[in-house]
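Participant: One file: entry.cif (mmCIF, C-alpha atoms).
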```cif
data_coords
loop_
_atom_site.label_atom_id
_atom_site.label_comp_id
_atom_site.auth_asym_id
_atom_site.auth_seq_id
_atom_site.Cartn_x
_atom_site.Cartn_y
_atom_site.Cartn_z
CA MET E 27 8.21 10.00 -9.99
CA ASN E 28 7.59 11.63 -6.60
CA LYS E 29 3.80 11.95 -6.88
CA ILE E 30 0.96 9.69 -7.96
CA ARG E 31 -1.72 11.16 -10.23
CA ILE E 32 -5.05 9.61 -11.17
CA THR E 33 -3.63 8.93 -14.65
CA ASP E 34 -1.07 6.62 -13.02
CA LEU E 35 -3.90 4.17 -12.26
CA GLU E 36 -4.50 3.57 -15.97
CA LYS E 37 -3.12 0.01 -15.90
CA TYR E 38 -6.11 -1.18 -13.83
CA SER E 39 -8.54 1.46 -15.08
CA ASP E 40 -11.09 -1.11 -16.33
CA ARG E 41 -11.56 -2.33 -12.75
CA ILE E 42 -11.65 1.08 -11.08
CA TYR E 43 -14.79 3.22 -11.02
CA VAL E 44 -14.68 6.95 -10.34
CA ASN E 45 -17.39 9.08 -8.76
CA LEU E 46 -17.16 12.72 -9.82
CA LYS E 47 -18.99 15.89 -8.84
CA ALA E 48 -22.15 15.82 -10.97
CA ASN E 49 -21.84 19.26 -12.57
CA PHE E 50 -18.20 18.72 -13.44
CA LEU E 51 -18.92 15.39 -15.16
CA LYS E 52 -21.74 16.93 -17.21
CA GLU E 53 -19.54 19.80 -18.40
CA LEU E 54 -16.64 17.44 -19.12
CA MET E 55 -18.95 15.27 -21.25
CA LYS E 56 -20.21 18.30 -23.15
CA LYS E 57 -16.66 19.46 -23.89
CA ALA E 58 -15.56 16.00 -25.03
CA ALA E 59 -18.64 15.50 -27.26
CA ASN E 60 -18.71 19.15 -28.39
CA SER E 61 -22.44 18.89 -27.81
CA GLU E 62 -25.05 19.97 -25.25
CA ASN E 63 -26.46 16.43 -25.34
CA PRO E 64 -23.53 14.00 -25.24
CA HIS E 65 -25.87 11.06 -24.57
CA LYS E 66 -27.50 11.68 -27.99
CA ASN E 67 -24.27 12.18 -29.94
CA LYS E 68 -23.51 9.06 -32.01
CA LEU E 69 -20.05 10.25 -33.04
CA PHE E 70 -19.10 10.71 -29.36
CA SER E 71 -20.43 7.24 -28.55
CA SER E 72 -18.43 5.82 -31.44
CA LYS E 73 -15.21 7.41 -30.14
CA LEU E 74 -15.83 5.74 -26.78
CA LYS E 75 -16.77 2.44 -28.48
CA LEU E 76 -20.23 2.45 -26.88
CA LYS E 77 -23.06 0.72 -28.76
CA ASN E 78 -25.98 0.94 -26.31
CA PHE E 79 -28.17 3.25 -28.40
CA HIS E 80 -31.91 2.99 -27.81
CA LYS E 81 -34.38 5.43 -29.39
CA GLY E 82 -31.61 7.91 -30.17
CA VAL E 83 -30.08 7.82 -26.68
CA ASN E 84 -26.96 6.06 -25.42
CA THR E 85 -28.17 4.38 -22.24
CA THR E 86 -24.63 3.80 -20.94
CA ILE E 87 -23.84 7.52 -20.96
CA VAL E 88 -27.23 8.26 -19.40
CA GLY E 89 -26.32 5.86 -16.57
CA TRP E 90 -22.95 7.56 -16.05
CA LEU E 91 -24.55 10.99 -15.86
CA LYS E 92 -27.30 9.77 -13.55
CA ARG E 93 -24.92 8.15 -11.07
CA SER E 94 -21.98 10.56 -11.66
CA LYS E 95 -19.87 7.42 -11.85
CA LEU E 96 -18.03 5.66 -14.68
CA PRO E 97 -15.03 3.38 -15.29
CA LEU E 98 -11.70 5.16 -14.97
CA SER E 99 -10.75 3.83 -18.41
CA LYS E 100 -13.66 5.70 -20.03
CA LEU E 101 -13.17 8.78 -17.86
CA LEU E 102 -9.60 9.08 -19.09
CA GLU E 103 -10.72 8.66 -22.71
CA ILE E 104 -13.21 11.50 -22.20
CA PHE E 105 -10.63 13.62 -20.35
CA TYR E 106 -8.09 13.26 -23.18
CA LEU E 107 -10.70 14.61 -25.64
CA THR E 108 -10.81 17.91 -23.74
CA LYS E 109 -8.37 20.65 -22.75
CA THR E 110 -9.25 20.24 -19.07
CA SER E 111 -6.24 20.33 -16.74
CA LEU E 112 -5.31 17.28 -14.71
CA ASN E 113 -5.52 19.36 -11.52
CA GLU E 114 -9.11 20.30 -12.38
CA LEU E 115 -10.03 16.66 -12.96
CA GLU E 116 -8.45 15.47 -9.72
CA LYS E 117 -10.06 18.08 -7.47
CA ASN E 118 -13.50 16.99 -8.73
CA VAL E 119 -12.98 13.31 -7.87
CA GLU E 120 -15.14 12.32 -4.89
CA TYR E 121 -14.12 8.68 -4.51
CA LEU E 122 -12.78 5.56 -6.23
CA GLN E 123 -14.32 2.11 -6.04
CA ALA E 124 -13.42 -1.37 -7.32
CA GLY E 125 -16.71 -2.03 -9.11
CA TRP E 126 -19.91 -0.25 -10.07
CA SER E 127 -21.67 -0.56 -6.72
CA ARG E 128 -19.75 -2.89 -4.38
CA GLY E 129 -16.76 -2.29 -2.17
CA LEU E 130 -15.73 0.48 0.20
CA LYS E 131 -15.05 3.89 -1.28
CA GLY E 132 -11.52 5.27 -1.37
CA HIS E 133 -11.47 9.05 -0.97
CA ILE E 134 -8.02 9.79 -2.40
CA ASN E 135 -6.80 13.38 -2.56
CA PHE E 136 -4.64 13.45 -5.67
CA PRO E 137 -1.79 14.04 -6.22
CA ILE E 138 -0.31 11.68 -3.61
CA LYS E 139 3.29 12.02 -2.42
CA ILE E 140 5.50 8.94 -2.64
CA ASP E 141 7.17 9.25 0.75
CA ASN E 142 8.17 7.29 3.84
CA LYS E 143 4.51 6.63 4.73
CA MET E 144 3.88 5.01 1.36
CA GLY E 145 7.07 2.99 1.78
CA SER E 146 5.96 1.94 5.25
CA ILE E 147 2.66 0.54 3.96
CA ILE E 148 4.44 -1.47 1.26
CA GLY E 149 7.06 -2.64 3.77
CA HIS E 150 4.40 -3.94 6.16
CA ILE E 151 2.57 -5.78 3.37
CA LEU E 152 5.87 -7.41 2.37
CA GLY E 153 6.48 -8.23 6.03
CA ASP E 154 3.51 -9.44 8.06
CA GLY E 155 0.90 -8.53 5.46
CA SER E 156 -0.44 -9.96 2.22
CA ILE E 157 -2.82 -9.32 -0.67
CA GLU E 158 -5.46 -12.04 -0.94
CA ARG E 159 -5.55 -13.92 -4.25
CA ASN E 160 -9.27 -14.05 -5.07
CA TYR E 161 -10.55 -10.59 -4.13
CA LEU E 162 -7.22 -8.72 -3.86
CA GLN E 163 -7.97 -7.56 -0.32
CA ILE E 164 -5.06 -6.15 1.65
CA PHE E 165 -4.41 -7.87 4.97
CA TYR E 166 -2.00 -6.95 7.77
CA THR E 167 -1.60 -8.93 11.00
CA ASN E 168 0.44 -8.38 14.14
CA GLN E 169 0.38 -8.60 17.92
CA ASN E 170 2.07 -5.23 18.28
CA LYS E 171 -0.60 -2.54 18.61
CA GLU E 172 1.91 0.19 17.74
CA LEU E 173 2.54 -1.36 14.33
CA LEU E 174 -1.14 -2.10 13.77
CA GLY E 175 -1.98 1.49 14.67
CA GLU E 176 0.64 2.89 12.33
CA PHE E 177 -0.61 0.79 9.41
CA GLN E 178 -4.21 1.79 10.09
CA ASN E 179 -3.30 5.49 10.35
CA PHE E 180 -1.26 5.57 7.15
CA MET E 181 -3.95 3.68 5.21
CA PHE E 182 -6.66 6.03 6.52
CA GLU E 183 -4.58 9.07 5.61
CA LEU E 184 -4.29 7.75 2.04
CA PHE E 185 -7.75 6.21 1.41
CA HIS E 186 -9.95 7.51 4.25
CA ILE E 187 -11.07 3.91 4.76
CA LYS E 188 -11.29 2.14 8.12
CA PRO E 189 -10.39 -1.57 8.11
CA ARG E 190 -12.38 -4.54 9.25
CA ILE E 191 -10.59 -5.60 12.44
CA TRP E 192 -10.56 -9.23 13.57
CA LEU E 193 -9.06 -11.07 16.52
CA GLN E 194 -7.42 -14.42 15.81
CA GLU E 195 -7.86 -17.59 17.83
CA PRO E 196 -4.88 -18.08 20.21
CA GLY E 197 -2.22 -20.52 19.00
CA ASP E 198 0.61 -20.74 16.53
CA PHE E 199 -0.75 -19.10 13.38
CA LYS E 200 2.41 -20.11 11.48
CA ILE E 201 1.56 -23.80 11.92
CA LYS E 202 -2.21 -23.92 11.49
CA LYS E 203 -4.58 -21.93 9.33
CA SER E 204 -5.82 -18.68 10.82
CA LYS E 205 -9.25 -18.70 12.44
CA TRP E 206 -10.72 -15.30 13.10
CA ILE E 207 -13.01 -15.51 16.10
CA LYS E 208 -14.17 -11.99 16.91
CA ARG E 209 -14.83 -8.73 15.09
CA LEU E 210 -13.42 -5.69 16.91
CA ASN E 211 -14.42 -2.04 16.68
CA LYS E 212 -10.89 -0.83 17.34
CA ILE E 213 -7.41 -2.23 17.85
CA SER E 214 -7.30 -1.29 21.54
CA GLU E 215 -10.09 -3.83 22.26
CA ALA E 216 -7.69 -6.71 21.56
CA PRO E 217 -6.20 -8.50 24.60
CA LYS E 218 -2.49 -8.21 25.32
CA ASN E 219 -0.47 -10.26 22.81
CA GLY E 220 -3.65 -11.01 20.84
CA GLN E 221 -3.09 -11.56 17.11
CA VAL E 222 -5.07 -8.91 15.23
CA GLY E 223 -5.82 -8.72 11.51
CA LEU E 224 -6.68 -5.59 9.51
CA PHE E 225 -8.58 -6.12 6.24
CA TYR E 226 -8.90 -3.55 3.42
CA PRO E 227 -10.96 -3.56 0.19
CA THR E 228 -9.86 -4.23 -3.38
CA ILE E 229 -9.56 -0.58 -4.41
CA CYS E 230 -6.52 -0.23 -2.13
CA SER E 231 -4.60 -3.09 -3.77
CA LEU E 232 -5.47 -1.84 -7.28
CA PHE E 233 -4.00 1.53 -6.31
CA PHE E 234 -0.75 -0.07 -5.13
CA TYR E 235 -0.53 -2.53 -8.04
CA SER E 236 -0.90 0.37 -10.49
CA ASN E 237 2.14 2.14 -9.06
CA PHE E 238 4.34 -0.55 -7.48
CA GLY E 239 3.57 -3.65 -9.55
CA VAL E 240 2.25 -6.98 -8.25
CA PHE E 241 4.61 -7.17 -5.28
CA ALA E 242 2.30 -9.39 -3.17
CA PHE E 243 -0.23 -11.95 -4.38
CA GLY E 244 -1.36 -14.57 -1.90
CA LYS E 245 1.77 -16.11 -0.41
CA LYS E 246 3.94 -14.90 -3.27
CA LYS E 247 5.90 -11.72 -2.63
CA LYS E 248 8.66 -10.03 -4.58
CA ILE E 249 10.52 -6.78 -5.04
CA THR E 250 9.27 -5.28 -8.29
CA GLU E 251 11.16 -2.92 -10.58
CA GLU E 252 8.70 -0.20 -9.56
CA ILE E 253 9.71 -0.60 -5.90
CA LYS E 254 13.42 -0.65 -6.74
CA LYS E 255 13.33 2.75 -8.47
CA GLN E 256 11.52 4.66 -5.69
CA ASN E 257 13.08 7.61 -3.86
CA LYS E 258 15.09 7.65 -0.64
CA LYS E 259 12.18 8.69 1.59
CA PHE E 260 10.14 5.75 0.33
CA LYS E 261 13.08 3.37 0.92
CA ARG E 262 13.48 4.67 4.48
CA GLY E 263 9.85 3.86 5.30
CA LEU E 264 10.10 0.52 3.50
CA LEU E 265 13.15 -0.54 5.50
CA ARG E 266 11.76 0.65 8.82
CA ALA E 267 8.44 -1.18 8.43
CA PHE E 268 10.08 -4.39 7.23
CA TYR E 269 12.58 -4.32 10.09
CA ASP E 270 9.74 -3.71 12.58
CA ASP E 271 8.01 -6.85 11.25
CA GLU E 272 10.88 -9.21 10.46
CA SER E 273 13.89 -8.41 12.65
CA ASN E 274 15.10 -8.89 16.19
CA VAL E 275 17.72 -7.11 18.25
CA GLY E 276 20.23 -9.42 19.90
CA ALA E 277 23.00 -8.90 22.42
CA ARG E 278 25.51 -7.63 19.87
CA ARG E 279 23.73 -7.59 16.51
CA LEU E 280 20.61 -6.55 14.61
CA ARG E 281 19.25 -9.47 12.55
CA LEU E 282 16.78 -9.50 9.65
CA PHE E 283 14.99 -12.76 8.71
CA GLN E 284 13.20 -13.78 5.53
CA ASP E 285 12.18 -16.95 3.67
CA ASN E 286 12.69 -15.29 0.28
CA LYS E 287 16.40 -14.78 -0.31
CA LYS E 288 15.88 -12.32 -3.17
CA ILE E 289 13.78 -10.05 -0.97
CA LEU E 290 16.39 -10.24 1.79
CA SER E 291 19.14 -9.38 -0.70
CA PHE E 292 17.20 -6.29 -1.80
CA PHE E 293 16.91 -5.01 1.78
CA ARG E 294 20.59 -5.69 2.42
CA LYS E 295 21.53 -3.59 -0.62
CA SER E 296 19.01 -0.87 0.31
CA LEU E 297 20.83 -0.32 3.61
CA LEU E 298 23.79 0.95 1.60
CA ILE E 299 21.69 4.00 0.57
CA PHE E 300 22.10 5.07 4.21
CA LYS E 301 25.74 3.88 4.30
CA ILE E 302 24.85 0.94 6.56
CA LYS E 303 26.94 -2.14 5.84
CA ALA E 304 25.46 -5.56 6.64
CA GLY E 305 27.02 -9.02 6.83
CA ASN E 306 26.56 -11.76 4.27
CA ILE E 307 23.28 -13.65 3.95
CA LYS E 308 23.28 -16.95 5.83
CA THR E 309 20.88 -19.88 5.67
CA TYR E 310 19.49 -22.38 8.17
CA THR E 311 16.63 -24.90 8.23
CA LYS E 312 13.56 -24.58 10.46
CA ARG E 313 10.55 -26.91 10.29
CA ASN E 314 12.06 -28.50 7.18
CA LYS E 315 12.14 -25.15 5.44
CA LYS E 316 15.10 -22.99 4.47
CA ARG E 317 15.20 -19.59 6.13
CA HIS E 318 17.68 -16.79 5.54
CA TYR E 319 19.08 -13.89 7.56
CA PHE E 320 21.84 -11.32 7.73
CA ASP E 321 23.22 -9.30 10.63
CA ILE E 322 24.29 -5.72 11.20
CA HIS E 323 27.36 -5.26 13.42
CA ARG E 324 29.68 -2.41 14.47
CA LYS E 325 29.03 0.85 16.28
CA SER E 326 28.99 3.03 13.15
CA ASN E 327 26.27 0.89 11.55
CA PHE E 328 24.10 0.89 14.69
CA ARG E 329 24.38 4.68 14.93
CA LYS E 330 23.38 5.13 11.27
CA PHE E 331 20.50 2.66 11.60
CA LYS E 332 19.10 4.53 14.58
CA GLU E 333 19.51 7.95 12.95
CA HIS E 334 18.14 7.09 9.51
CA ILE E 335 15.73 4.16 9.97
CA GLY E 336 14.88 3.22 13.58
CA PHE E 337 11.82 1.37 14.90
CA ILE E 338 8.17 2.18 15.63
CA SER E 339 8.05 -0.78 18.02
CA SER E 340 8.98 0.75 21.38
CA LYS E 341 10.40 -2.58 22.58
CA LYS E 342 12.76 -2.89 19.61
CA ALA E 343 13.67 0.78 19.96
CA ARG E 344 14.63 0.19 23.62
CA ASP E 345 16.60 -2.91 22.65
CA LEU E 346 18.47 -0.92 20.00
CA ASN E 347 19.25 1.82 22.53
CA ARG E 348 20.59 -0.78 24.95
CA LEU E 349 22.61 -2.38 22.17
CA CYS E 350 24.05 1.02 21.25
CA LYS E 351 25.17 1.63 24.83
CA ILE E 352 26.75 -1.81 25.15
CA ILE E 353 28.53 -1.73 21.82
CA MET E 354 29.42 1.96 21.64
CA LYS E 355 30.35 2.33 25.32
CA TYR E 356 29.51 6.07 25.10
CA SER E 357 25.77 6.59 25.01
CA TYR E 358 26.03 10.14 23.60
CA LEU E 359 26.87 8.61 20.21
CA CYS E 360 23.30 7.25 20.06
CA LYS E 361 21.51 10.50 20.76
#
```
Can I see the file as structure tokens?

Facilitator:
Amino acid sequence: MNKIRITDLEKYSDRIYVNLKANFLKELMKKAANSENPHKNKLFSSKLKLKNFHKGVNTTIVGWLKRSKLPLSKLLEIFYLTKTSLNELEKNVEYLQAGWSRGLKGHINFPIKIDNKMGSIIGHILGDGSIERNYLQIFYTNQNKELLGEFQNFMFELFHIKPRIWLQEPGDFKIKKSKWIKRLNKISEAPKNGQVGLFYPTICSLFFYSNFGVFAFGKKKKITEEIKKQNKKFKRGLLRAFYDDESNVGARRLRLFQDNKKILSFFRKSLLIFKIKAGNIKTYTKRNKKRHYFDIHRKSNFRKFKEHIGFISSKKARDLNRLCKIIMKYSYLCK
């Protein structure tokens, strides 16, 4: 699968509400009910398992038509009763929402390509991001404004939603619980080396869960089967974002860290797609907790990493260039 269609959100369709162009929804209802008055058609209501009939009118359908909004689960049931094309349905979608009236609106232009940008978003969530347990809000935090900006841009390109941006209290956020002290209008308002958090609404996580499985839930993260089977462009973005978040460039090696050994093993194997060979996974203890890493060595591997994956972080990109020159001796091999 190289594209995501609205039908691919069916797994969470009971929680997703769709706003459609009013005239299109009315005509779709008429086609599905084979009636000029679908809200009065008992057989149509029965097919949709709707019981809210009052004085010969189904009040639920009346509400859908009045608001031009209904659950995705019911929209798909109605759609499958017609001969309407999927392209026609998708071009008449105005926005998606996680709930009848609450939550920010995601203006998604289906179909959506599964590419390096999509992989980058998932890679950042697996890295320095998370999906909150109670409300399934996506969260990404970093001090690097380049990475924050990339995440914000890719999310806006997909959902046309701007995040809530918060500045964290100075200190070691890995030791103590985060305390967000100031709401920002834009990332550039944050002081140098300030820890910034980007927060996104539930509709975004439902979109990703529908297509990539529950890969992040609170502190629990994993590589799902859906992620494993994605295309090469997606894997490139996934690797690059995760390396931007979780790696460092040393004097003679490129090292990737991770608490979860299974996740680290997946990224080590994924490098082989680009013919990059990494060392074995090693383990050490920090703050009474096991942590894992593996290294990339050798000039051929550095050259391939730079050509096929690279960094968005300008500092890490400079460090990789310097490493290439030291290890390779001839800088033209890195160009």

Participant: Nearest residue to Phe300 in chain E out of E:Glu251, E:Glu333, E:Asp285, E:Asp270, using all atoms listed in the file?

Facilitator: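 Closest to Phe300 in chain E of all the choices is E:Glu333.
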
Participant: Taking the file as I've supplied it (selection: the PyMOL selection byres ((chain E and resi 208-213) around 12)), which residues are included? Please answer as a VMD selection string.

Facilitator: chain E and resid 167 to 179 188 to 196 205 to 207 214 to 225

Participant: Could you tell me which residues the PyMOL selection byres ((chain E and resi 116) around 10) returns for this structure, as a list of chain:residue names?

Facilitator: E:Arg31, E:Ile32, E:Thr33, E:Leu46, E:Ser111, E:Leu112, E:Asn113, E:Glu114, E:Leu115, E:Lys117, E:Asn118, E:Val119, E:Glu120, E:Ile134, E:Asn135, E:Phe136, E:Pro137

Participant: Running the PyMOL selection byres ((chain E and resi 54) around 10) on this model by hand, what would come out? Give it as an MDAnalysis selection string.

Facilitator: chainID E and resid 48:53 55:60 64 101 104:105 107:110 115

Participant: In Å, with one decimal, what is the gap from CA of Ser39 in chain E to CA of Leu98 in chain E?

Facilitator: 4.9 Å

Participant: One decimal, in Å: what's the spacing between CA of Phe180 in chain E and CA of Leu346 in chain E?

Facilitator: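 CA of Leu346 in chain E lies 24.4 Å from CA of Phe180 in chain E.
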
Participant: Tell me which of E:Ser127, E:Asn327, E:Ser61, E:Ser231 sits closest to Leu298 in chain E, counting only C-alpha atoms.

Facilitator: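 Smallest distance to Leu298 in chain E is found for E:Asn327.
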
Participant: Could you complete range 176-197 of chain E so that it carries N, CA and C atoms, and give it back as a PDB file, in the coordinates of the input?

Facilitator:
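Below you can see result-v4.pdb, which holds the result:
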```
ATOM      1  N   GLU E 176      -0.039   2.147  13.378  1.00  0.00           N
ATOM      2  CA  GLU E 176       0.640   2.890  12.330  1.00  0.00           C
ATOM      3  C   GLU E 176       0.078   2.521  10.958  1.00  0.00           C
ATOM      4  N   PHE E 177      -0.084   1.234  10.700  1.00  0.00           N
ATOM      5  CA  PHE E 177      -0.610   0.790   9.410  1.00  0.00           C
ATOM      6  C   PHE E 177      -2.010   1.354   9.185  1.00  0.00           C
ATOM      7  N   GLN E 178      -2.845   1.265  10.203  1.00  0.00           N
ATOM      8  CA  GLN E 178      -4.210   1.790  10.090  1.00  0.00           C
ATOM      9  C   GLN E 178      -4.198   3.295   9.822  1.00  0.00           C
ATOM     10  N   ASN E 179      -3.350   4.028  10.517  1.00  0.00           N
ATOM     11  CA  ASN E 179      -3.300   5.490  10.350  1.00  0.00           C
ATOM     12  C   ASN E 179      -2.828   5.888   8.960  1.00  0.00           C
ATOM     13  N   PHE E 180      -1.782   5.230   8.469  1.00  0.00           N
ATOM     14  CA  PHE E 180      -1.260   5.570   7.150  1.00  0.00           C
ATOM     15  C   PHE E 180      -2.261   5.214   6.045  1.00  0.00           C
ATOM     16  N   MET E 181      -2.947   4.072   6.194  1.00  0.00           N
ATOM     17  CA  MET E 181      -3.950   3.680   5.210  1.00  0.00           C
ATOM     18  C   MET E 181      -5.140   4.642   5.234  1.00  0.00           C
ATOM     19  N   PHE E 182      -5.537   5.086   6.432  1.00  0.00           N
ATOM     20  CA  PHE E 182      -6.660   6.030   6.520  1.00  0.00           C
ATOM     21  C   PHE E 182      -6.278   7.374   5.923  1.00  0.00           C
ATOM     22  N   GLU E 183      -5.044   7.797   6.163  1.00  0.00           N
ATOM     23  CA  GLU E 183      -4.580   9.070   5.610  1.00  0.00           C
ATOM     24  C   GLU E 183      -4.603   9.046   4.081  1.00  0.00           C
ATOM     25  N   LEU E 184      -4.325   7.879   3.503  1.00  0.00           N
ATOM     26  CA  LEU E 184      -4.290   7.750   2.040  1.00  0.00           C
ATOM     27  C   LEU E 184      -5.678   7.540   1.447  1.00  0.00           C
ATOM     28  N   PHE E 185      -6.471   6.614   2.017  1.00  0.00           N
ATOM     29  CA  PHE E 185      -7.750   6.210   1.410  1.00  0.00           C
ATOM     30  C   PHE E 185      -8.990   6.698   2.162  1.00  0.00           C
ATOM     31  N   HIS E 186      -8.815   7.164   3.396  1.00  0.00           N
ATOM     32  CA  HIS E 186      -9.950   7.510   4.250  1.00  0.00           C
ATOM     33  C   HIS E 186     -10.905   6.327   4.399  1.00  0.00           C
ATOM     34  N   ILE E 187     -10.315   5.150   4.567  1.00  0.00           N
ATOM     35  CA  ILE E 187     -11.070   3.910   4.760  1.00  0.00           C
ATOM     36  C   ILE E 187     -10.630   3.283   6.084  1.00  0.00           C
ATOM     37  N   LYS E 188     -11.594   2.873   6.894  1.00  0.00           N
ATOM     38  CA  LYS E 188     -11.290   2.140   8.120  1.00  0.00           C
ATOM     39  C   LYS E 188     -11.339   0.648   7.828  1.00  0.00           C
ATOM     40  N   PRO E 189     -10.426  -0.133   8.408  1.00  0.00           N
ATOM     41  CA  PRO E 189     -10.390  -1.570   8.110  1.00  0.00           C
ATOM     42  C   PRO E 189     -11.436  -2.354   8.879  1.00  0.00           C
ATOM     43  N   ARG E 190     -11.691  -3.556   8.414  1.00  0.00           N
ATOM     44  CA  ARG E 190     -12.380  -4.540   9.250  1.00  0.00           C
ATOM     45  C   ARG E 190     -11.310  -5.139  10.163  1.00  0.00           C
ATOM     46  N   ILE E 191     -11.579  -5.153  11.451  1.00  0.00           N
ATOM     47  CA  ILE E 191     -10.590  -5.600  12.440  1.00  0.00           C
ATOM     48  C   ILE E 191     -11.067  -6.896  13.076  1.00  0.00           C
ATOM     49  N   TRP E 192     -10.204  -7.920  13.024  1.00  0.00           N
ATOM     50  CA  TRP E 192     -10.560  -9.230  13.570  1.00  0.00           C
ATOM     51  C   TRP E 192      -9.492  -9.723  14.525  1.00  0.00           C
ATOM     52  N   LEU E 193      -9.946 -10.424  15.558  1.00  0.00           N
ATOM     53  CA  LEU E 193      -9.060 -11.070  16.520  1.00  0.00           C
ATOM     54  C   LEU E 193      -8.920 -12.536  16.142  1.00  0.00           C
ATOM     55  N   GLN E 194      -7.684 -13.032  16.177  1.00  0.00           N
ATOM     56  CA  GLN E 194      -7.420 -14.420  15.810  1.00  0.00           C
ATOM     57  C   GLN E 194      -7.474 -15.339  17.025  1.00  0.00           C
ATOM     58  N   GLU E 195      -7.864 -16.573  16.788  1.00  0.00           N
ATOM     59  CA  GLU E 195      -7.860 -17.590  17.830  1.00  0.00           C
ATOM     60  C   GLU E 195      -6.435 -17.792  18.344  1.00  0.00           C
ATOM     61  N   PRO E 196      -6.227 -17.878  19.666  1.00  0.00           N
ATOM     62  CA  PRO E 196      -4.880 -18.080  20.210  1.00  0.00           C
ATOM     63  C   PRO E 196      -4.257 -19.372  19.685  1.00  0.00           C
ATOM     64  N   GLY E 197      -2.936 -19.350  19.507  1.00  0.00           N
ATOM     65  CA  GLY E 197      -2.220 -20.520  19.000  1.00  0.00           C
ATOM     66  C   GLY E 197      -1.130 -20.080  18.068  1.00  0.00           C
TER      67      GLY E 197
END
```
